[in-house]
Amino acid sequence: MRRRIPALLGLLLGAAALVGLPATASASPTASGSFDRMSSFTADYVLDAEGGATVTETIDYVFGTSGGVKHGIYRNIVTRQAVTDENGRPSEENFRYYALDLESVTSPTGAPTETKLTDQSGGETQIRIGDPNVTVSGTQSYVVKYHLANVMNPFPDHAEFFYNVFVGDTVPKDRVKVTVTGPGGVTSVRCVRGSDPGRDCDSAQAGQTAVFTVDNLLGNEDLTIATSLPRAGFGELKPDIRAAGSSYDEGQAKVLTSLALAGGIGAPLVAAGVMGVLVATRGRDEWYAGVTPGLAPGSADAVAPGTVPPPPPAPTLRGRRPEVAVQFNPPPGVQPGMVGTIIDESADTIDVSATVMDLAVRGFLRIEEIQSGTMFSRTDWRLVQLPPPPGQTLRPYEATVLEGLFAEGSDVKLADLKYKFNTTLNLAIRQMYTEVVERGWFRRSPLRQRAGWQALGFLLIGAGAVSCFYLGVVTRAIDRTGGFGVGIPSGVVLGLGLIVAGLIFRILGKRMAAKTAAGSAVYAQSLGFRKYLETAEADQIRFEEASAIFSRYLPYAIVFGVADRWAGTFQKVAEAAAAAGSPIVMPTWYIYSGAMFPDFTSIADGAGSFASSAGGTFAATASSGSSGGSAFGGGGFSGGGGVGGSSSGSW
């Protein structure tokens, strides 16, 4: 209805007051056109060290005349977003979550600012602003402040805020300004309007505060920004990934309740009995009967590498290991990585680190310390590949490690292998487990042996948890129908029994990786050799052999954790040699940077630090795709490619 006659207008307003129609809040500038629009939109994103963003939006909203009366605006903020798998497909099981905390809503023009938060389909949280009993018109200003958690994407050398400011927003905007402020400033920026692939924004500037501007952003035209910031300005960045009555008669109910109670009580007893028998009969190491520990029948040598031994000519027994004698040499043909694996029945990063040092001792590479800007400060190591020594062959896991180290060149820094070596590490570990089986030390890979029991235990624990929470409710009514009143639902009893049974399988299953008699012989030799490294005296070592023996056995000492004791012994040898006028030449496979004239102690200290640092570097993995893609590293940059997003409207 057009308001042409003032008198008629007064009558209408009076009637509205009598019948209780809502009041109207209006601003001085009236809306131009029949559709909503924003004359101005400003968003300030302040990033914090924990990976969140405090957002302040200043919105000048022009209410159109179409669509009836309006009470305010709404902002739909994306707070749940599907993650992608390694093939780039959205996951149906997991989603990335951005916790939204609304801090304040104000209106400089005096518009109602009552707020209501509701979860919407499509992973959005709606902030509805306005009073259902008050209408608004013309141009109203709103200032909305909220916090979004875990919006940053971590990368090894930088952090990114890759964000969709608008996605699917139907409201056109005359002018948009976005700023981003974060720790250390913004070093690189990108901005695109539209999608697939869209076009560049009007302006995008990096700096302590990055600034993006766009004019005349159309309805349904997306806006995506990306900023790169120094990684040092943030703490640990980790995306928040989250996973997505009785119908029986009395006789049937009694049977079901009895079965559940029997299962809850019997499952742990059965698990303990089964695992007790298996551990006693198959979970203890085999030993050759009547043979000196560390020797195989008819030979003092360990089983030849890569061969499966024939059935032992002497009987075997299972049980406690006997006392072992000191061995002055490691098991023949058994390198440090294999010794580490047989000792604790596990191939791990320290075994791979020791393998790298052993390859250096044998002449396949050289390890050099690199100083930082401060004097005598060791921060990294350089690995230099050398021509293969004649007459030496590599086991498959050794070849894998060597190829992985120098995949990108013959001269590499240890730090440069971070996030790149994990695949090689996992392959080498699998090959080490394969080798202990091929050598006849285990009948089955210890990793797979333990994993099978761990998986069975996990399934039982999972079934028990489901039983507690699901059957606990269902069986309460069944128990009452059957006349049982034990106080605890039979489904809960069953669940707890399954959980205990699962724990038994998982705990005792770790003891099922038993060594064969041949493996126990190598194990005893290894223990005897460790005794030698722990008890060797300086006066037992000849000066002319000291450097070679020190180097050859140092990787073993690191695996055993006795490198300091071993180095101390040789330091005494070196001092005695110097006093006798026969100074010992230090090893050349490890170049120490902390002193002009390094000694055995300093080399052992440096090698120990290298082993520790290498273990962490080798095991480091890059951020997965679920943490968000990069806007700066390869591929195209298009709208809608970032995380999060928002849309707007009126109600």
# chains A, B, ... in the order shown; residues from 1 in each chain; ligands from 1
>>> select_by_dssp(residues="segment 325-464 of chain A", states="alpha helix (DSSP H)", output="VMD selection string")
chain A and resid 336 to 344 349 to 361 396 to 405 422 to 438 446 to 464
>>> write_last_selection(atoms="C-alpha atoms", output="CSV table (one decimal), in the first residue's frame")
chain,number,residue,atom,x,y,z
A,336,PRO,CA,73.7,-52.9,14.4
A,337,GLY,CA,70.2,-52.4,13.1
A,338,MET,CA,69.6,-56.2,13.2
A,339,VAL,CA,71.1,-56.4,16.7
A,340,GLY,CA,68.7,-53.7,17.9
A,341,THR,CA,65.8,-55.6,16.4
A,342,ILE,CA,66.7,-58.9,18.0
A,343,ILE,CA,67.3,-57.4,21.4
A,344,ASP,CA,63.9,-55.8,21.9
A,349,THR,CA,64.1,-45.3,14.5
A,350,ILE,CA,67.2,-45.9,16.7
A,351,ASP,CA,67.9,-49.0,14.7
A,352,VAL,CA,67.7,-47.0,11.5
A,353,SER,CA,69.8,-44.2,12.9
A,354,ALA,CA,72.5,-46.8,13.9
A,355,THR,CA,72.3,-48.3,10.4
A,356,VAL,CA,73.1,-44.8,9.0
A,357,MET,CA,76.2,-44.6,11.2
A,358,ASP,CA,77.2,-48.1,10.4
A,359,LEU,CA,77.1,-47.3,6.7
A,360,ALA,CA,79.3,-44.3,7.4
A,361,VAL,CA,81.8,-46.5,9.3
A,396,PRO,CA,67.8,-54.7,1.4
A,397,TYR,CA,67.0,-52.5,4.3
A,398,GLU,CA,70.4,-50.9,4.2
A,399,ALA,CA,70.1,-50.2,0.4
A,400,THR,CA,66.7,-48.6,1.1
A,401,VAL,CA,68.1,-46.3,3.8
A,402,LEU,CA,71.0,-45.3,1.6
A,403,GLU,CA,68.8,-44.5,-1.4
A,404,GLY,CA,66.4,-42.6,0.8
A,405,LEU,CA,69.1,-40.4,2.2
A,422,ASN,CA,59.1,-41.1,6.7
A,423,THR,CA,58.1,-43.3,3.7
A,424,THR,CA,61.7,-44.6,3.5
A,425,LEU,CA,61.8,-45.2,7.2
A,426,ASN,CA,58.6,-47.3,7.1
A,427,LEU,CA,59.8,-49.4,4.2
A,428,ALA,CA,63.2,-50.0,5.8
A,429,ILE,CA,61.5,-51.1,9.1
A,430,ARG,CA,59.2,-53.5,7.2
A,431,GLN,CA,62.3,-54.9,5.4
A,432,MET,CA,64.1,-55.4,8.8
A,433,TYR,CA,61.1,-57.4,10.1
A,434,THR,CA,61.2,-59.4,6.9
A,435,GLU,CA,64.9,-60.1,7.3
A,436,VAL,CA,64.6,-61.4,10.9
A,437,VAL,CA,62.1,-64.0,9.5
A,438,GLU,CA,64.4,-64.8,6.5
A,446,PRO,CA,57.1,-59.8,15.4
A,447,LEU,CA,55.2,-56.8,14.2
A,448,ARG,CA,52.5,-58.9,12.6
A,449,GLN,CA,52.4,-61.3,15.5
A,450,ARG,CA,51.8,-58.5,18.0
A,451,ALA,CA,49.4,-56.7,15.6
A,452,GLY,CA,47.1,-59.7,15.3
A,453,TRP,CA,46.6,-59.9,19.0
A,454,GLN,CA,46.3,-56.2,19.4
A,455,ALA,CA,43.6,-56.1,16.7
A,456,LEU,CA,41.7,-58.9,18.4
A,457,GLY,CA,41.9,-57.1,21.8
A,458,PHE,CA,40.8,-53.8,20.2
A,459,LEU,CA,37.7,-55.5,18.6
A,460,LEU,CA,36.7,-57.0,22.0
A,461,ILE,CA,37.2,-53.6,23.7
A,462,GLY,CA,35.1,-51.9,21.0
A,463,ALA,CA,32.4,-54.6,21.3
A,464,GLY,CA,32.4,-54.2,25.1
>>> residues_around(residues="Arg382 of chain A", least_positions_apart="5", cutoff="10 Å", atoms="only C-alpha atoms", output="list in words")
Arg366, Ile367, Glu368, Glu369, Ile370, Asp411, Val412, Lys413, Leu414, Ala415, Asp416 and Ile591 of chain A
>>> closest_residue(among="A:Gln120, A:Ser107, A:Thr125, A:Ser228", to="Phe162 of chain A", atoms="only C-alpha atoms")
A:Ser228
>>> atom_distance(atom1="atom CA of Gly561 of chain A", atom2="atom CA of Asp605 of chain A")
12.0 Å
>>> closest_atom_pairs(of="segment 137-171 of chain A", to="segment 101-104 of chain A", cutoff="7 Å", atoms="only C-alpha atoms", output="tab-separated table")
residue	atom	partner	partner_atom	distance
A:Val144	CA	A:Ser104	CA	6.1
A:Lys145	CA	A:Ser104	CA	5.2
A:Tyr146	CA	A:Leu102	CA	4.2
A:His147	CA	A:Asp101	CA	5.1
A:Leu148	CA	A:Asp101	CA	6.7
>>> write_last_selection(atoms="N, CA and C atoms", output="mmCIF file, in the first residue's frame")
data_model
loop_
_atom_site.group_PDB
_atom_site.id
_atom_site.type_symbol
_atom_site.label_atom_id
_atom_site.label_comp_id
_atom_site.auth_asym_id
_atom_site.auth_seq_id
_atom_site.Cartn_x
_atom_site.Cartn_y
_atom_site.Cartn_z
ATOM 1 N N VAL A 144 29.533 -7.192 14.401
ATOM 2 C CA VAL A 144 29.465 -8.561 14.916
ATOM 3 C C VAL A 144 30.890 -9.023 15.214
ATOM 4 N N LYS A 145 31.127 -9.466 16.438
ATOM 5 C CA LYS A 145 32.452 -9.935 16.830
ATOM 6 C C LYS A 145 32.347 -11.362 17.342
ATOM 7 N N TYR A 146 33.174 -12.258 16.792
ATOM 8 C CA TYR A 146 33.165 -13.650 17.213
ATOM 9 C C TYR A 146 34.551 -14.243 17.022
ATOM 10 N N HIS A 147 34.751 -15.420 17.578
ATOM 11 C CA HIS A 147 36.037 -16.106 17.478
ATOM 12 C C HIS A 147 35.835 -17.463 16.828
ATOM 13 N N LEU A 148 36.709 -17.791 15.865
ATOM 14 C CA LEU A 148 36.723 -19.105 15.224
ATOM 15 C C LEU A 148 38.022 -19.811 15.599
#
>>> closest_residue(among="A:Ala53, A:Val62, A:Ala536, A:Ala514", to="Ala99 of chain A", atoms="only C-alpha atoms")
A:Ala53
>>> closest_residue(among="A:Leu218, A:Gly491, A:Pro154, A:Thr393", to="Gly168 of chain A", atoms="only C-alpha atoms")
A:Leu218
>>> closest_residue(among="A:Thr227, A:Thr42, A:Ser551, A:Ser612", to="Thr213 of chain A", atoms="only C-alpha atoms")
A:Thr42
>>> closest_residue(among="A:Ser346, A:Gln327, A:Ser445, A:Thr79", to="Glu534 of chain A", atoms="only C-alpha atoms")
A:Gln327
>>> closest_residue(among="A:Val189, A:Val324, A:Leu229, A:Leu494", to="Val466 of chain A", atoms="only C-alpha atoms")
A:Leu494
>>> select_by_dssp(residues="segment 364-478 of chain A", states="strand (DSSP E)", output="JSON, numbers by chain")
{"A": [365, 366, 367, 368, 369, 370, 371, 378, 379, 380, 381, 382, 383, 384, 385, 411, 412, 413]}
>>> write_last_selection(atoms="C-alpha atoms", output="JSON list (two decimals), in the first residue's frame")
[["chain", "number", "residue", "atom", "x", "y", "z"],
["A", 365, "LEU", "CA", 78.93, -41.95, 3.41],
["A", 366, "ARG", "CA", 80.48, -39.29, 5.64],
["A", 367, "ILE", "CA", 78.72, -37.40, 8.46],
["A", 368, "GLU", "CA", 79.79, -33.79, 9.03],
["A", 369, "GLU", "CA", 78.61, -31.48, 11.78],
["A", 370, "ILE", "CA", 77.47, -27.99, 10.77],
["A", 371, "GLN", "CA", 77.91, -25.06, 13.11],
["A", 378, "ARG", "CA", 75.90, -27.83, 16.61],
["A", 379, "THR", "CA", 72.55, -27.48, 14.85],
["A", 380, "ASP", "CA", 72.66, -29.83, 11.87],
["A", 381, "TRP", "CA", 74.64, -32.48, 10.04],
["A", 382, "ARG", "CA", 75.65, -32.83, 6.41],
["A", 383, "LEU", "CA", 75.58, -36.31, 4.86],
["A", 384, "VAL", "CA", 77.94, -36.84, 1.94],
["A", 385, "GLN", "CA", 77.60, -39.93, -0.24],
["A", 411, "ASP", "CA", 75.13, -34.00, -0.46],
["A", 412, "VAL", "CA", 72.18, -33.46, 1.89],
["A", 413, "LYS", "CA", 71.52, -31.83, 5.25]]
>>> residues_around(residues="His158 of chain A", least_positions_apart="6", cutoff="10 Å", atoms="only C-alpha atoms", output="list in words")
Thr187, Ser228, Leu229, Pro230, Arg231, Ala232, Gly233 and Phe234 of chain A
>>> atom_distance(atom1="atom CA of Gly606 of chain A", atom2="atom CA of Phe560 of chain A")
16.5 Å
>>> atom_distance(atom1="atom CA of Leu223 of chain A", atom2="atom CA of Ile241 of chain A")
24.6 Å
>>> decode(residues="segment 50-88 of chain A", atoms="N, CA and C atoms", output="short mmCIF file (atom, residue, chain, number, x, y, z; two decimals), in the first residue's frame")
data_model
loop_
_atom_site.label_atom_id
_atom_site.label_comp_id
_atom_site.auth_asym_id
_atom_site.auth_seq_id
_atom_site.Cartn_x
_atom_site.Cartn_y
_atom_site.Cartn_z
N GLU A 50 47.45 -19.67 18.84
CA GLU A 50 46.86 -21.00 18.95
C GLU A 50 46.17 -21.45 17.67
N GLY A 51 46.18 -20.62 16.63
CA GLY A 51 45.59 -21.00 15.36
C GLY A 51 44.16 -20.55 15.17
N GLY A 52 43.64 -19.71 16.06
CA GLY A 52 42.28 -19.21 15.92
C GLY A 52 42.27 -17.81 15.34
N ALA A 53 41.06 -17.29 15.12
CA ALA A 53 40.91 -15.95 14.56
C ALA A 53 39.76 -15.24 15.27
N THR A 54 40.04 -14.01 15.74
CA THR A 54 38.99 -13.15 16.27
C THR A 54 38.52 -12.26 15.12
N VAL A 55 37.23 -12.34 14.82
CA VAL A 55 36.67 -11.69 13.64
C VAL A 55 35.75 -10.55 14.08
N THR A 56 35.96 -9.38 13.52
CA THR A 56 35.07 -8.24 13.75
C THR A 56 34.51 -7.80 12.40
N GLU A 57 33.19 -7.96 12.22
CA GLU A 57 32.53 -7.60 10.98
C GLU A 57 31.71 -6.33 11.20
N THR A 58 31.92 -5.34 10.35
CA THR A 58 31.13 -4.12 10.37
C THR A 58 30.30 -4.09 9.08
N ILE A 59 28.97 -4.15 9.24
CA ILE A 59 28.08 -4.35 8.10
C ILE A 59 27.10 -3.18 8.02
N ASP A 60 27.08 -2.50 6.89
CA ASP A 60 26.03 -1.52 6.57
C ASP A 60 25.05 -2.21 5.64
N TYR A 61 23.89 -2.57 6.18
CA TYR A 61 22.93 -3.41 5.46
C TYR A 61 21.73 -2.56 5.02
N VAL A 62 21.44 -2.59 3.73
CA VAL A 62 20.33 -1.84 3.15
C VAL A 62 19.17 -2.81 2.91
N PHE A 63 18.09 -2.64 3.67
CA PHE A 63 16.94 -3.53 3.54
C PHE A 63 16.08 -3.11 2.36
N GLY A 64 15.83 -4.03 1.44
CA GLY A 64 14.98 -3.74 0.30
C GLY A 64 13.51 -3.81 0.67
N THR A 65 12.67 -3.42 -0.27
CA THR A 65 11.23 -3.38 0.00
C THR A 65 10.53 -4.69 -0.32
N SER A 66 11.21 -5.62 -0.98
CA SER A 66 10.57 -6.88 -1.33
C SER A 66 10.68 -7.85 -0.16
N GLY A 67 9.81 -8.84 -0.15
CA GLY A 67 9.88 -9.88 0.86
C GLY A 67 9.18 -9.57 2.15
N GLY A 68 8.41 -8.49 2.22
CA GLY A 68 7.67 -8.19 3.44
C GLY A 68 8.52 -7.49 4.48
N VAL A 69 7.99 -7.44 5.71
CA VAL A 69 8.68 -6.74 6.78
C VAL A 69 9.94 -7.50 7.18
N LYS A 70 10.93 -6.73 7.70
CA LYS A 70 12.21 -7.31 8.10
C LYS A 70 12.45 -7.01 9.57
N HIS A 71 13.09 -7.97 10.25
CA HIS A 71 13.39 -7.82 11.66
C HIS A 71 14.88 -7.68 11.93
N GLY A 72 15.70 -8.03 10.98
CA GLY A 72 17.14 -7.94 11.18
C GLY A 72 17.86 -8.75 10.11
N ILE A 73 19.10 -9.12 10.41
CA ILE A 73 19.91 -9.87 9.46
C ILE A 73 20.36 -11.18 10.09
N TYR A 74 20.95 -12.03 9.29
CA TYR A 74 21.60 -13.23 9.80
C TYR A 74 22.92 -13.42 9.08
N ARG A 75 23.83 -14.07 9.77
CA ARG A 75 25.12 -14.44 9.18
C ARG A 75 25.29 -15.94 9.38
N ASN A 76 25.45 -16.68 8.31
CA ASN A 76 25.70 -18.13 8.37
C ASN A 76 27.20 -18.37 8.25
N ILE A 77 27.83 -18.87 9.31
CA ILE A 77 29.27 -19.08 9.35
C ILE A 77 29.54 -20.58 9.27
N VAL A 78 30.41 -20.99 8.35
CA VAL A 78 30.77 -22.40 8.23
C VAL A 78 31.59 -22.81 9.45
N THR A 79 31.09 -23.78 10.20
CA THR A 79 31.81 -24.29 11.38
C THR A 79 32.10 -25.78 11.28
N ARG A 80 31.54 -26.44 10.29
CA ARG A 80 31.81 -27.87 10.08
C ARG A 80 32.03 -28.07 8.59
N GLN A 81 33.19 -28.63 8.25
CA GLN A 81 33.57 -28.74 6.84
C GLN A 81 34.16 -30.12 6.58
N ALA A 82 33.68 -30.78 5.56
CA ALA A 82 34.17 -32.12 5.24
C ALA A 82 35.65 -32.07 4.89
N VAL A 83 36.42 -33.02 5.41
CA VAL A 83 37.83 -33.13 5.04
C VAL A 83 37.94 -34.03 3.83
N THR A 84 39.06 -33.95 3.16
CA THR A 84 39.27 -34.76 1.97
C THR A 84 40.27 -35.86 2.26
N ASP A 85 40.09 -36.99 1.56
CA ASP A 85 41.05 -38.07 1.71
C ASP A 85 42.23 -37.83 0.80
N GLU A 86 43.15 -38.82 0.73
CA GLU A 86 44.36 -38.64 -0.06
C GLU A 86 44.09 -38.53 -1.55
N ASN A 87 42.88 -38.91 -1.99
CA ASN A 87 42.51 -38.79 -3.39
C ASN A 87 41.71 -37.53 -3.68
N GLY A 88 41.54 -36.68 -2.65
CA GLY A 88 40.83 -35.43 -2.84
C GLY A 88 39.33 -35.55 -2.75
#
